[in-house]
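Source file final39.cif; content: mmCIF, C-alpha atoms.
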data_final
loop_
_atom_site.label_atom_id
_atom_site.label_comp_id
_atom_site.auth_asym_id
_atom_site.auth_seq_id
_atom_site.Cartn_x
_atom_site.Cartn_y
_atom_site.Cartn_z
CA MET A 1 -29.39 -185.40 -46.05
CA GLN A 2 -25.71 -184.44 -46.19
CA ILE A 3 -24.85 -187.22 -43.74
CA ALA A 4 -26.79 -189.79 -45.80
CA ILE A 5 -24.95 -188.74 -48.98
CA GLY A 6 -21.65 -189.00 -47.14
CA ILE A 7 -22.42 -192.55 -45.98
CA LEU A 8 -23.53 -193.59 -49.48
CA VAL A 9 -20.36 -192.16 -51.04
CA ASN A 10 -18.22 -194.03 -48.50
CA ILE A 11 -20.05 -197.31 -49.18
CA ALA A 12 -19.76 -196.87 -52.95
CA VAL A 13 -16.04 -196.12 -52.79
CA PHE A 14 -15.48 -198.99 -50.35
CA LEU A 15 -17.23 -201.54 -52.59
CA ALA A 16 -15.65 -200.30 -55.82
CA LEU A 17 -12.17 -200.31 -54.36
CA SER A 18 -12.37 -203.58 -52.44
CA VAL A 19 -14.43 -205.81 -54.76
CA GLY A 20 -13.31 -204.23 -58.05
CA GLY A 21 -9.69 -203.86 -57.02
CA GLY A 22 -9.51 -207.35 -55.50
CA LEU A 23 -11.08 -209.11 -58.49
CA LEU A 24 -9.26 -207.12 -61.18
CA SER A 25 -5.84 -207.45 -59.55
CA ALA A 26 -6.35 -211.22 -59.09
CA ALA A 27 -7.47 -211.63 -62.72
CA TYR A 28 -4.44 -209.68 -63.93
CA MET A 29 -1.94 -211.63 -61.83
CA ILE A 30 -3.49 -214.95 -62.93
CA ASP A 31 -3.84 -214.16 -66.65
CA ALA A 32 -0.83 -212.00 -67.41
CA GLY A 33 1.51 -213.07 -64.63
CA SER A 34 4.04 -211.00 -62.73
CA PHE A 35 7.69 -211.11 -61.79
CA LEU A 36 6.67 -213.46 -58.95
CA SER A 37 5.51 -216.25 -61.24
CA THR A 38 6.88 -215.60 -64.74
CA ARG A 39 10.25 -215.05 -66.40
CA GLN A 40 10.79 -212.89 -69.46
CA THR A 41 13.53 -212.82 -72.07
CA GLY A 42 12.98 -210.49 -75.02
CA PRO A 43 9.39 -210.99 -76.19
CA TRP A 44 9.20 -214.51 -74.69
CA GLN A 45 7.47 -215.22 -71.39
CA THR A 46 7.27 -218.44 -69.39
CA TRP A 47 5.54 -219.44 -66.17
CA ALA A 48 8.65 -220.50 -64.31
CA ILE A 49 7.27 -223.48 -62.38
CA ALA A 50 4.20 -224.35 -64.44
CA GLY A 51 3.19 -227.97 -64.12
CA ARG A 52 5.05 -228.63 -60.88
CA ILE A 53 2.96 -229.99 -58.04
CA ASP A 54 4.54 -227.41 -55.72
CA ALA A 55 3.70 -224.51 -58.05
CA ASP A 56 2.63 -221.23 -56.45
CA PRO A 57 -1.11 -220.41 -56.35
CA TYR A 58 -0.88 -217.86 -59.19
CA THR A 59 0.74 -220.42 -61.51
CA ARG A 60 -1.74 -223.14 -60.55
CA ALA A 61 -4.68 -220.78 -61.02
CA HIS A 62 -3.31 -219.72 -64.42
CA MET A 63 -2.99 -223.34 -65.56
CA ILE A 64 -6.52 -224.18 -64.43
CA ARG A 65 -8.12 -221.03 -65.86
CA ALA A 66 -6.38 -221.47 -69.23
CA GLY A 67 -6.99 -225.25 -69.31
CA LEU A 68 -3.31 -226.04 -69.83
CA MET A 69 -1.54 -229.39 -69.42
CA PRO A 70 2.03 -228.10 -69.07
CA VAL A 71 5.23 -230.12 -68.93
CA THR A 72 7.42 -229.55 -65.89
CA PRO A 73 10.24 -227.08 -66.76
CA LEU A 74 13.06 -229.53 -66.01
CA GLN A 75 11.84 -231.68 -68.92
CA ALA A 76 10.75 -228.94 -71.29
CA THR A 77 10.50 -225.17 -71.02
CA THR A 78 7.58 -223.56 -72.80
CA TRP A 79 7.80 -219.92 -73.85
CA ARG A 80 4.99 -217.84 -75.29
CA ALA A 81 5.20 -214.55 -77.20
CA THR A 82 2.29 -212.27 -78.04
CA ARG A 83 4.53 -209.33 -79.01
CA ASP A 84 7.53 -208.88 -81.30
CA SER A 85 10.98 -207.84 -80.09
CA SER A 86 9.94 -204.17 -80.35
CA GLY A 87 6.98 -204.75 -78.06
CA ARG A 88 4.27 -204.51 -80.71
CA GLN A 89 1.34 -206.98 -80.71
CA LEU A 90 1.86 -209.94 -83.07
CA HIS A 91 -0.82 -209.82 -85.76
CA SER A 92 -1.65 -212.10 -88.65
CA ALA A 93 -1.69 -209.16 -91.07
CA CYS A 94 2.03 -208.51 -90.51
CA GLU A 95 5.14 -210.40 -91.57
CA TYR A 96 7.78 -211.45 -89.04
CA LEU A 97 11.21 -213.07 -89.15
CA ILE A 98 12.43 -215.41 -86.44
CA VAL A 99 16.11 -216.30 -86.71
CA THR A 100 17.45 -219.10 -84.52
CA LYS A 101 21.02 -217.81 -84.39
CA GLN A 102 23.08 -218.75 -81.32
CA PHE A 103 20.16 -220.89 -80.23
CA ASP A 104 21.65 -224.25 -79.39
CA ALA A 105 18.79 -226.18 -77.78
CA GLU A 106 18.93 -229.97 -78.21
CA TRP A 107 15.33 -230.12 -79.47
CA TRP A 108 12.82 -227.33 -80.00
CA ASP A 109 9.41 -226.70 -81.51
CA LEU A 110 7.99 -223.37 -82.67
CA ALA A 111 4.22 -223.26 -83.21
CA VAL A 112 1.78 -220.50 -84.05
CA PHE A 113 -1.70 -220.25 -82.50
CA ASP A 114 -4.58 -217.81 -82.42
CA SER A 115 -5.15 -215.83 -79.23
CA ALA A 116 -7.23 -218.68 -77.73
CA GLY A 117 -4.45 -221.25 -78.18
CA ARG A 118 -5.96 -223.00 -81.22
CA PRO A 119 -3.94 -223.78 -84.35
CA ILE A 120 -4.69 -221.35 -87.20
CA ALA A 121 -6.38 -223.22 -90.04
CA ASN A 122 -4.57 -222.80 -93.38
CA ALA A 123 -4.50 -224.47 -96.78
CA ALA A 124 -0.92 -225.65 -96.32
CA ASP A 125 -1.94 -227.38 -93.06
CA ARG A 126 1.25 -226.08 -91.51
CA HIS A 127 1.30 -224.84 -87.93
CA ALA A 128 4.79 -225.40 -86.59
CA PHE A 129 8.44 -226.22 -87.23
CA ASN A 130 10.72 -228.18 -84.98
CA SER A 131 14.47 -228.73 -84.92
CA GLY A 132 13.93 -231.88 -87.03
CA THR A 133 11.71 -230.36 -89.74
CA VAL A 134 13.13 -226.86 -90.18
CA MET A 135 15.37 -226.07 -93.18
CA ARG A 136 18.70 -224.69 -92.01
CA GLU A 137 21.17 -222.16 -93.33
CA PRO A 138 24.80 -223.22 -94.00
CA ASP A 139 25.80 -221.90 -90.55
CA GLY A 140 23.21 -224.11 -88.82
CA SER A 141 20.77 -221.32 -88.00
CA ALA A 142 17.19 -221.32 -89.26
CA ILE A 143 15.09 -218.45 -90.61
CA ILE A 144 11.35 -218.82 -90.08
CA THR A 145 8.93 -216.41 -91.73
CA LEU A 146 5.55 -215.74 -90.19
CA ALA A 147 3.25 -214.32 -92.88
CA ARG A 148 -0.25 -214.45 -94.26
CA ASP A 149 0.86 -215.34 -97.82
CA ALA A 150 3.38 -217.94 -98.98
CA ARG A 151 7.08 -217.16 -98.52
CA PRO A 152 10.12 -219.16 -99.61
CA GLY A 153 11.86 -221.29 -97.00
CA ASN A 154 10.36 -221.95 -93.58
CA TRP A 155 6.98 -220.27 -93.93
CA LEU A 156 4.45 -220.40 -91.07
CA PRO A 157 1.03 -219.24 -92.33
CA THR A 158 -1.01 -216.89 -90.14
CA ALA A 159 -4.00 -216.42 -92.45
CA GLY A 160 -6.85 -214.58 -90.78
CA GLY A 161 -5.75 -215.36 -87.24
CA GLY A 162 -6.02 -211.79 -85.92
CA ALA A 163 -3.82 -211.53 -82.84
CA VAL A 164 -1.42 -214.49 -82.87
CA THR A 165 0.62 -216.24 -80.21
CA LEU A 166 3.94 -217.99 -80.78
CA MET A 167 4.92 -220.90 -78.58
CA LEU A 168 8.49 -222.14 -78.31
CA THR A 169 8.97 -225.48 -76.56
CA ILE A 170 12.53 -226.45 -75.69
CA GLN A 171 13.57 -229.91 -74.58
CA ASP A 172 17.04 -229.34 -73.21
CA PRO A 173 18.03 -229.83 -69.56
CA SER A 174 20.43 -226.88 -69.70
CA TYR A 175 17.57 -224.47 -70.50
CA GLY A 176 15.47 -225.85 -67.65
CA ALA A 177 18.39 -225.67 -65.23
CA ALA A 178 19.18 -222.09 -66.32
CA LEU A 179 15.56 -221.10 -65.73
CA ASP A 180 15.61 -222.82 -62.34
CA SER A 181 18.66 -220.84 -61.28
CA GLY A 182 17.24 -217.56 -62.58
CA ARG A 183 19.69 -217.20 -65.49
CA VAL A 184 17.55 -217.25 -68.62
CA LYS A 185 19.33 -218.21 -71.84
CA PRO A 186 18.75 -215.96 -74.88
CA LEU A 187 15.97 -216.97 -77.26
CA PRO A 188 15.36 -216.05 -80.93
CA GLU A 189 14.31 -212.50 -81.71
CA ILE A 190 10.98 -211.80 -83.45
CA THR A 191 11.46 -209.02 -85.98
CA ARG A 192 8.59 -207.28 -87.76
CA VAL A 193 9.44 -207.01 -91.45
CA ALA A 194 6.29 -205.48 -92.89
CA CYS A 195 2.82 -204.50 -91.83
CA PRO A 196 0.22 -203.08 -94.23
CA MET B 1 -14.95 -167.98 -77.61
CA THR B 2 -13.00 -170.29 -79.92
CA ILE B 3 -10.65 -172.86 -78.44
CA ASN B 4 -7.22 -173.12 -80.00
CA THR B 5 -6.18 -176.77 -79.66
CA THR B 6 -2.49 -175.85 -79.95
CA MET B 7 -2.74 -173.88 -76.69
CA PRO B 8 -1.35 -175.63 -73.61
CA LEU B 9 -4.02 -177.29 -71.49
CA ALA B 10 -3.34 -175.02 -68.54
CA VAL B 11 -4.29 -171.85 -70.43
CA ARG B 12 -7.14 -173.42 -72.42
CA PRO B 13 -10.51 -172.06 -71.24
CA THR B 14 -12.67 -174.67 -69.56
CA ARG B 15 -16.46 -174.83 -69.84
CA PRO B 16 -18.25 -173.75 -66.65
CA SER B 17 -20.38 -176.95 -66.60
CA ARG B 18 -17.24 -179.12 -66.60
CA ILE B 19 -15.77 -177.09 -63.75
CA ARG B 20 -18.96 -177.59 -61.77
CA GLU B 21 -18.82 -181.38 -62.41
CA ARG B 22 -15.21 -181.56 -61.24
CA MET B 23 -16.03 -179.61 -58.13
CA LYS B 24 -18.95 -181.99 -57.42
CA VAL B 25 -16.76 -185.09 -57.77
CA SER B 26 -14.00 -183.63 -55.66
CA ALA B 27 -16.55 -182.58 -53.06
CA TRP B 28 -17.92 -186.13 -52.96
CA LEU B 29 -14.45 -187.66 -52.72
CA ALA B 30 -13.63 -185.28 -49.88
CA ARG B 31 -16.39 -187.03 -47.91
CA VAL B 32 -14.56 -190.38 -48.11
CA HIS B 33 -12.88 -191.12 -44.79
CA TRP B 34 -9.33 -192.45 -44.73
CA GLN B 35 -10.61 -195.36 -42.64
CA THR B 36 -12.89 -196.31 -45.54
CA MET B 37 -9.91 -196.34 -47.92
CA VAL B 38 -7.79 -198.48 -45.61
CA ALA B 39 -10.64 -200.94 -45.01
CA ALA B 40 -11.32 -201.15 -48.77
CA VAL B 41 -7.68 -201.89 -49.54
CA LEU B 42 -7.59 -204.57 -46.81
CA LEU B 43 -10.80 -206.23 -48.05
CA GLY B 44 -9.51 -205.96 -51.63
CA GLY B 45 -6.41 -207.88 -50.55
CA VAL B 46 -8.55 -210.55 -48.88
CA ILE B 47 -10.69 -210.89 -52.03
CA HIS B 48 -7.54 -211.10 -54.19
CA ILE B 49 -6.05 -213.87 -52.04
CA ALA B 50 -9.37 -215.74 -51.71
CA CYS B 51 -9.95 -215.72 -55.49
CA THR B 52 -6.42 -216.90 -56.27
CA LEU B 53 -6.31 -219.62 -53.62
CA GLY B 54 -9.88 -220.70 -54.36
CA LEU B 55 -9.17 -221.18 -58.05
CA ALA B 56 -5.81 -222.86 -57.40
CA THR B 57 -7.27 -225.27 -54.84
CA PHE B 58 -10.83 -225.98 -55.93
CA GLY B 59 -10.78 -225.00 -59.62
CA ARG B 60 -11.36 -227.67 -62.26
CA ASN B 61 -9.26 -227.79 -65.39
CA PRO B 62 -11.78 -227.46 -68.25
CA THR B 63 -9.53 -229.45 -70.58
CA PHE B 64 -9.54 -232.52 -68.33
CA GLU B 65 -13.27 -232.19 -67.78
CA ARG B 66 -13.79 -232.23 -71.56
CA LEU B 67 -11.43 -235.17 -72.10
CA ARG B 68 -13.12 -237.11 -69.29
CA GLY B 69 -16.16 -237.50 -71.50
CA GLU B 70 -14.23 -238.22 -74.68
CA LEU B 71 -11.50 -240.66 -73.64
CA PRO B 72 -12.24 -244.15 -72.33
CA ALA B 73 -10.83 -244.94 -68.89
CA ASN B 74 -7.68 -247.06 -68.57
CA ARG B 75 -7.08 -247.46 -72.29
CA ALA B 76 -4.42 -245.84 -74.46
CA VAL B 77 -5.83 -244.01 -77.47
CA VAL B 78 -3.68 -242.87 -80.39
CA LEU B 79 -5.00 -239.57 -81.66
CA PRO B 80 -4.59 -238.90 -85.38
CA PRO B 81 -3.40 -235.46 -86.54
CA GLY B 82 -6.19 -232.89 -86.38
CA ASP B 83 -8.24 -234.92 -83.89
CA ALA B 84 -10.73 -232.76 -81.96
CA ARG B 85 -9.46 -234.19 -78.67
CA VAL B 86 -5.99 -232.76 -79.43
CA ALA B 87 -7.47 -229.39 -80.37
CA ALA B 88 -9.32 -229.44 -77.01
CA VAL B 89 -6.01 -228.91 -75.21
CA PRO B 90 -4.90 -225.27 -75.65
CA TYR B 91 -1.37 -224.69 -76.93
CA LEU B 92 -0.71 -228.37 -77.64
CA ALA B 93 1.92 -228.43 -80.39
CA PRO B 94 0.11 -229.19 -83.67
CA ASP B 95 3.13 -230.81 -85.34
CA MET B 96 3.10 -233.74 -82.94
CA GLN B 97 1.09 -236.90 -82.69
CA TYR B 98 -0.29 -237.99 -79.37
CA ALA B 99 -1.34 -241.03 -77.42
CA MET B 100 -3.42 -240.38 -74.33
CA CYS B 101 -4.64 -242.52 -71.49
CA ARG B 102 -7.18 -241.26 -68.97
CA TYR B 103 -6.62 -243.44 -65.95
CA ASP B 104 -9.00 -244.13 -63.11
CA LEU B 105 -7.46 -245.89 -60.13
CA SER B 106 -10.65 -246.29 -58.10
CA ALA B 107 -10.80 -250.00 -59.01
CA GLY B 108 -7.07 -250.64 -58.63
CA PRO B 109 -3.69 -249.79 -60.14
CA VAL B 110 -3.06 -249.33 -63.84
CA THR B 111 -0.04 -250.59 -65.76
CA LEU B 112 1.47 -248.31 -68.37
CA GLN B 113 3.88 -249.39 -71.09
CA ALA B 114 5.38 -246.94 -73.56
CA SER B 115 8.49 -246.42 -75.61
CA LEU B 116 10.12 -243.14 -76.56
CA PRO B 117 12.27 -244.02 -79.57
CA ASP B 118 13.58 -240.63 -80.75
CA PRO B 119 14.62 -237.20 -79.44
CA GLY B 120 11.56 -234.98 -78.91
CA TRP B 121 9.37 -237.83 -77.68
CA SER B 122 8.13 -237.42 -74.14
CA LEU B 123 5.70 -238.91 -71.65
CA THR B 124 3.93 -236.82 -69.03
CA VAL B 125 1.44 -237.76 -66.33
CA HIS B 126 -1.01 -235.10 -65.13
CA THR B 127 -3.54 -234.73 -62.35
CA PRO B 128 -7.08 -233.58 -63.31
CA GLN B 129 -5.99 -230.03 -62.42
CA GLY B 130 -3.14 -230.21 -64.94
CA ASP B 131 -0.20 -230.68 -62.56
CA ASN B 132 2.54 -232.64 -64.27
CA PHE B 133 3.73 -234.93 -61.47
CA TYR B 134 5.86 -237.19 -63.67
CA ALA B 135 7.68 -236.49 -66.93
CA ILE B 136 10.35 -238.20 -68.98
CA SER B 137 11.88 -237.38 -72.36
CA ALA B 138 13.54 -239.71 -74.84
CA ALA B 139 17.24 -240.25 -74.22
CA LYS B 140 19.51 -238.65 -76.80
CA ASP B 141 21.31 -241.77 -77.98
CA LYS B 142 19.03 -244.74 -77.37
CA PRO B 143 15.33 -245.58 -77.29
CA THR B 144 13.69 -245.37 -73.87
CA SER B 145 11.25 -248.08 -72.84
CA LEU B 146 9.05 -247.64 -69.83
CA THR B 147 6.84 -249.96 -67.84
CA PHE B 148 5.38 -248.85 -64.57
CA GLU B 149 2.35 -249.25 -62.40
CA ILE B 150 0.33 -246.17 -61.46
CA THR B 151 -1.11 -246.43 -57.98
CA TRP B 152 -3.03 -244.04 -55.78
CA THR B 153 -1.71 -243.14 -52.39
CA THR B 154 -1.61 -240.12 -50.16
CA ASP B 155 2.19 -240.41 -49.82
CA PRO B 156 4.16 -237.78 -51.78
CA PRO B 157 4.85 -239.57 -55.09
CA VAL B 158 7.62 -237.49 -56.55
CA ARG B 159 9.66 -234.43 -55.83
CA GLY B 160 7.98 -231.11 -56.52
CA ASP B 161 9.75 -230.75 -59.85
CA GLY B 162 8.00 -233.78 -61.33
CA ILE B 163 11.00 -236.07 -61.21
CA ALA B 164 10.42 -239.45 -59.59
CA SER B 165 12.16 -239.63 -56.25
CA ASP B 166 13.38 -243.09 -57.22
CA ALA B 167 14.47 -243.06 -60.86
CA THR B 168 14.38 -246.86 -61.14
CA ALA B 169 10.93 -247.15 -59.60
CA THR B 170 8.45 -249.34 -61.40
CA ARG B 171 5.63 -247.89 -59.36
CA LEU B 172 4.36 -244.34 -59.74
CA ASN B 173 2.15 -243.00 -56.99
CA SER B 174 -0.52 -240.67 -58.29
CA PRO B 175 -1.65 -237.89 -55.93
CA THR B 176 -5.20 -238.18 -57.31
CA PRO B 177 -7.34 -241.22 -58.21
CA GLN B 178 -7.76 -239.96 -61.77
CA GLY B 179 -5.38 -238.41 -64.22
CA LEU B 180 -4.09 -238.23 -67.76
CA VAL B 181 -1.02 -239.70 -69.46
CA ILE B 182 0.14 -237.93 -72.63
CA VAL B 183 2.78 -239.40 -74.96
CA ARG B 184 4.06 -236.75 -77.37
CA ALA B 185 5.73 -237.74 -80.65
CA PRO B 186 7.11 -235.05 -82.96
CA LEU B 187 6.13 -235.36 -86.61
CA ARG B 188 9.24 -235.16 -88.77
CA GLY B 189 7.16 -234.90 -91.93
CA LEU B 190 4.01 -236.42 -93.40
CA ALA B 191 5.96 -239.43 -94.68
CA TRP B 192 6.70 -240.40 -91.08
CA SER B 193 3.10 -240.17 -89.92
CA GLY B 194 2.28 -243.87 -90.42
CA LEU B 195 5.45 -245.05 -88.67
CA ILE B 196 4.86 -242.72 -85.72
CA GLN B 197 1.26 -243.90 -85.41
CA THR B 198 2.51 -247.50 -85.30
CA GLU B 199 5.09 -246.64 -82.65
CA LEU B 200 2.49 -244.76 -80.60
CA ALA B 201 0.10 -247.70 -80.90
CA ALA B 202 2.58 -249.72 -78.84
CA THR B 203 1.56 -247.61 -75.82
CA GLN B 204 -0.47 -249.72 -73.43
CA CYS B 205 -2.53 -248.61 -70.48
CA GLN B 206 -4.66 -251.17 -68.67
CA PRO B 207 -5.74 -252.27 -65.20
CA THR B 208 -2.98 -254.28 -63.55
CA ALA B 209 -3.66 -257.99 -63.73
CA ARG B 210 -3.66 -259.42 -60.22
CA GLN B 211 -2.56 -263.00 -59.63
CA ALA B 212 -5.04 -265.12 -57.73
CA PRO B 213 -3.78 -265.91 -54.22
CA ALA B 214 -2.20 -269.38 -53.92
CA ARG B 215 -4.33 -271.96 -52.08
#
In structure tokens, how does this file's structure come out?
Amino acid sequence: MQIAIGILVNIAVFLALSVGGGLLSAAYMIDAGSFLSTRQTGPWQTWAIAGRIDADPYTRAHMIRAGLMPVTPLQATTWRATRDSSGRQLHSACEYLIVTKQFDAEWWDLAVFDSAGRPIANAADRHAFNSGTVMREPDGSAIITLARDARPGNWLPTAGGGAVTLMLTIQDPSYGAALDSGRVKPLPEITRVACP
Amino acid sequence: MTINTTMPLAVRPTRPSRIRERMKVSAWLARVHWQTMVAAVLLGGVIHIACTLGLATFGRNPTFERLRGELPANRAVVLPPGDARVAAVPYLAPDMQYAMCRYDLSAGPVTLQASLPDPGWSLTVHTPQGDNFYAISAAKDKPTSLTFEITWTTDPPVRGDGIASDATATRLNSPTPQGLVIVRAPLRGLAWSGLIQTELAATQCQPTARQAPAR
């Protein structure tokens, strides 16, 4: 009896550790990424070689699992943020400021999505700003407010989105080259202003 | 006996039943051989690698599978703002307008014509798995016009970074017989929507016309 229990315990531990550990670690590395496949600057994360035909298996698996059609980083770098600069989850109930100071990309686009990557429906039908549509301050910077209710200036509505994701697309060869060489250029901070 | 929650855990009295449970679990775990642990970690590593490689090699991109049924083959389609086919692609910038062409090279090459008139415009060509094997953005100072033939060959078409190995090439070798061309045009405001739609409508994607052999 004791021997049988011992064998059963060994089998249970073996299966839990091998199957559970193997599947969970693969899912984590594919969904969240790691230092092997992603780069991080502040709250922004990018899959460093997403879209390239010689991308590593984790990056390729991530693209397929998420259903993405990414642009190769030398043409455009795509950064996603699910947390603010203090590391707290971005949520539609809170208000955030994004200031593009010392951000000199040739062309950029900042869009807000729900956690599944869909635009958040809102009465203003506004989901993004780009370097051509954003209103600028006298010094050339831009202040974008992410909030549920209307705000003056560059307001991006987040009504009822729950957890939100910001996506910053940059078309500027210098940003792609910097990423390629491992030197990531600074990106705008995401500051939480208020949260009920 | 009352339990004071401000007491440190170490001196807090523990219920006898909980102690018995812990002893049971630790007695069970003591029966696990180190060989079992090593074998489990090794098999876990094999499962991890098999899952990752399997998905990366044989996985199908659900976005392309959805668009396969919704976009006609070898024809450029301009998608109006808010179109469901745009929303089908996760994280596709919503302040842009798009033209897409799902190409199928099984019957022969396809000729693609497009122009990228302003900064922010770009053209990307993807495999059904989502790999972006060719990409070009609008030049900063002048409009960019493109005409090239997409063919299917097993030769490596471009460098790994998605840049054509021959920048003046008029032929683009696709690594797969099917794929998707996306032309992205940033919307500078609603007033520009009509103009951008007209410019996107100039995108052409059609089977290459072959000249009849001379007699």
Inset, instruction - Report the distance between atom CA of A:Thr72 and atom CA of B:Pro128 in Å, rounded to one decimal place. - result: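 We find that atom CA of A:Thr72 and atom CA of B:Pro128 lie 15.3 Å from each other.
Distances from A:Ile49, A:Cys195, A:Ile64, A:Ala55 to chain B were compared using all atoms listed in the file, and the smallest one belongs to A:Ile64.
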Inset, instruction - Mind giving me the straight-line distance from atom CA of A:Glu137 to atom CA of B:Gly189 in Å, one decimal? - result: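 Going from atom CA of A:Glu137 over to atom CA of B:Gly189 covers 19.0 Å.
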Inset, instruction - Given the file shown, determine the residues that the PyMOL selection byres ((chain B) within 6 of (chain A)) selects; report them as a list in words. - result: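 Evaluating the PyMOL selection byres ((chain B) within 6 of (chain A)) on this file yields Arg31, Val32, Ala40, Val41, Leu43, Gly44, Gly45, Ile47, His48, Leu53, Leu55, Ala56, Asn61, Pro62, Thr63, Pro90, Tyr91, Asp95, Gly130, Asp131, Asn132, Gly160, Asp161, Gly162 and Arg188 of chain B.
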For stretch 62-79 of chain B, what centre and edge lengths in Å (one decimal) does the axis-aligned box get once 5 Å is added on each side of all its listed atoms, as JSON?
{"center_x": -9.9, "center_y": -237.5, "center_z": -74.7, "size_x": 22.5, "size_y": 30.0, "size_z": 23.9}
Inset, instruction - List the residues selected by the PyMOL selection byres ((chain A and resi 42) around 10) in the file shown, writing them as JSON, numbers by chain. - result: {"A": [40, 41, 43, 44, 45, 81, 83, 84, 85, 86, 87, 186, 187, 188, 189, 190]}
Take the PyMOL selection byres ((chain A and resi 139-149) around 6), apply it to the structure above, and return the hits as a tab-separated table (two decimals) with C-alpha atoms, in the coordinates of the input.
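Result written to part.tsv:
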chain	number	residue	atom	x	y	z
A	95	GLU	CA	5.14	-210.40	-91.57
A	96	TYR	CA	7.78	-211.45	-89.04
A	97	LEU	CA	11.21	-213.07	-89.15
A	98	ILE	CA	12.43	-215.41	-86.44
A	99	VAL	CA	16.11	-216.30	-86.71
A	100	THR	CA	17.45	-219.10	-84.52
A	101	LYS	CA	21.02	-217.81	-84.39
A	136	ARG	CA	18.70	-224.69	-92.01
A	137	GLU	CA	21.17	-222.16	-93.33
A	138	PRO	CA	24.80	-223.22	-94.00
A	150	ALA	CA	3.38	-217.94	-98.98
A	154	ASN	CA	10.36	-221.95	-93.58
A	155	TRP	CA	6.98	-220.27	-93.93
A	156	LEU	CA	4.45	-220.40	-91.07
A	157	PRO	CA	1.03	-219.24	-92.33
A	158	THR	CA	-1.01	-216.89	-90.14
A	159	ALA	CA	-4.00	-216.42	-92.45
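One finds atom CA of B:Ser115 at 10.8 Å from atom CA of B:Ala139.
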Inset, instruction - Between B:Leu116, B:Ala30, B:Met100, B:Leu105, single out the one closest to B:Glu149, counting all atoms listed in the file. - result: B:Leu105
Inset, instruction - Check the smallest atom-to-atom distance from each of A:Gly176, A:Met135, A:Asn122, A:Arg151 to A:Ala105 using all atoms listed in the file, then report the winner. - result: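 Of the candidates, the smallest distance to A:Ala105 is held by A:Gly176.
Across A:Thr46, A:Val184, A:Thr77, A:Arg88, the tightest approach to A:Ala163 is made by A:Arg88 when counting all atoms listed in the file.
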Inset, instruction - Between B:Ile196, B:Val183, B:Cys101, B:Ala84, single out the one closest to B:Ala138, counting all atoms listed in the file. - result: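 Smallest separation from B:Ala138 among the options: B:Val183.
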Legend entry - Among the residues B:Gln113, B:Gln35, B:Ser26, B:Thr124, the one that comes closest to B:Thr208 [using only C-alpha atoms]: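 Residue with the minimum atom-to-atom distance to B:Thr208: B:Gln113.
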Legend entry - A:His91 environment, 7 Å, only C-alpha atoms, sequence neighbours closer than 2 positions dropped, as an MDAnalysis selection string: chainID A and resid 89 93:94 162:164
